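Structure first, then comments.
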Amino acid sequence: MFLSYKKLCVDVHHVEYAIVKSAKTECLCLQAPLTEGGRLKKGFRGMQFFYSLDKEHIFEPLSICEDDDKQIINALYSYTGSGLLQDFLKVVPIAWHYASGKRLGRILRTLHDGSLSQSDEQKAQDRHNAFMERLAEYIGKLAHFKNDRYALEAISTRYDHFSLYKSCMRYGAFRHQKIMISKEGNLFLLPSASYGPGDICEDFALLELESAGLYPLLCAGVIDGYFKGQIPPQFWLHFALYCALYSLWKGAKNVLIDGKIDYWQAQCDRVRYDFNDFKTPIPRWFADDATAAIRKEAQGL
């Protein structure tokens, strides 16, 4: 049997994404060393959960197996001809960034609206309760970013009024690098090994940290699409505080993985700028006049 193998990318955890094609079928294949087997297995379980909620935008998990002789693990998913969203965004007018974000926001809402068991509800609450523990980890064990006092002050002064906003099953890797788009414009989310019970705001905070610097209009579209233009005022405070935490804790955790201290310092600085030193809960890229103009231009896309 003839098989073709086209590599798409390799992530920081050494997981290779590729398209495997035969005369009759195409599959998305994730391959990694056995040392990363836990990530592939968890991502596979996550996709099983999310596929049950949205079969149109999640690749169906097909099989997962280990090859001890070759020291690798493979996970296979269904696949519909598509490419990486980040490649698409580089070549289309910026109105398409916003329009793609709105579609993505609707998908995320569908995933977040999935019901949680009582146990998962408790896990979501416990994760939120550990908020200060993650901050303590940043302060005591991780690399520090310059000018981190703005985020630290924002968290410490508002923490008494900070509660779990809305529990959900977090996708956990919600950023532009984890999304594919078909020729017809349909969006697909790639497997996430970081899924789990938590607050909806965490997926938005990760998008701010990882994607808003390059694609702010995509992020604005996600929020508009998710809330259908009716954004609860209380969402913004929770979102801003999670962004403050992620700019420090998540950024510093990423430094442990890739060693890019200057890059994550720049992201920390940008998040702080987006929220005006955390004096305002709504980021600049959502509220400015340029975004308002694109909202009108993107109508009908």
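Residues are referred to by chain and number: the chain letter is A, B, ... according to the order shown in the structure tokens, the number counts from 1 in that chain, and ligands are numbered separately from 1 in the order shown.
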Polymer residues at most 9 Å from A:Leu189, only C-alpha atoms, same-chain spacing of 4 or more positions, as a VMD selection string: chain A and resid 57 to 59 174 178 to 181
Alpha helix (DSSP H) residues, from DSSP on the backbone, in stretch 42-154 of chain A, as number ranges by chain: A: 42-51, 85-89, 94-112, 118-129, 131-141, 149-154
Residue neighbourhood stretch 275-288 of chain A, 8 Å, only C-alpha atoms, exclusion window fewer than 5 positions, as number ranges by chain: A: 150-151, 154, 216-217, 219-220, 236-237, 239-240, 244
Separation of atom CA of A:Leu207 from atom CA of A:Tyr263, in Å and rounded to one decimal: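 Result for atom CA of A:Leu207 versus atom CA of A:Tyr263: 15.9 Å, one decimal.
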Nearest to A:Leu76 by atom-to-atom distance, counting only C-alpha atoms, from A:Met47, A:Cys168, A:Cys243, A:Ala124: A:Met47
Output as a Markdown table one row per residue of stretch 35-127 of chain A within 7 Å of stretch 193-196 of chain A: the closest atom pair and its distance in Å to one decimal place, counting only C-alpha atoms, sorted by chain and residue number ascending.
```
| residue | atom | partner | partner_atom | distance |
| --- | --- | --- | --- | --- |
| A:Arg39 | CA | A:Ala193 | CA | 5.2 |
| A:Leu40 | CA | A:Ala193 | CA | 6.7 |
| A:Lys42 | CA | A:Ala193 | CA | 5.2 |
| A:Gly43 | CA | A:Ala193 | CA | 4.0 |
| A:Gly46 | CA | A:Tyr195 | CA | 6.2 |
```
How close does stretch 156-178 of chain A get to stretch 245-251 of chain A? List, as a Markdown table, each residue of stretch 156-178 of chain A within 12 Å, its nearest atom pair and the distance in Å to one decimal, counting only C-alpha atoms.
```
| residue | atom | partner | partner_atom | distance |
| --- | --- | --- | --- | --- |
| A:Ser156 | CA | A:Leu245 | CA | 10.7 |
| A:Tyr159 | CA | A:Leu245 | CA | 11.4 |
| A:Gly172 | CA | A:Lys250 | CA | 11.9 |
| A:Ala173 | CA | A:Lys250 | CA | 11.9 |
```
Of the listed residues A:Leu218, A:Leu30, A:Val255, A:Ala130, that which approaches A:Leu190 most closely, counting only C-alpha atoms: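 Comparing A:Leu218, A:Leu30, A:Val255, A:Ala130 against A:Leu190, the winner is A:Leu30.
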Å distance separating atom CA of A:Gly83 from atom CA of A:Gly198, one decimal place: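 Between these atoms lies a distance of 29.5 Å.
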Nearest candidate to A:Tyr242 (options A:Ala143, A:Leu209, A:Leu89, A:Ala18; using only C-alpha atoms): A:Leu209
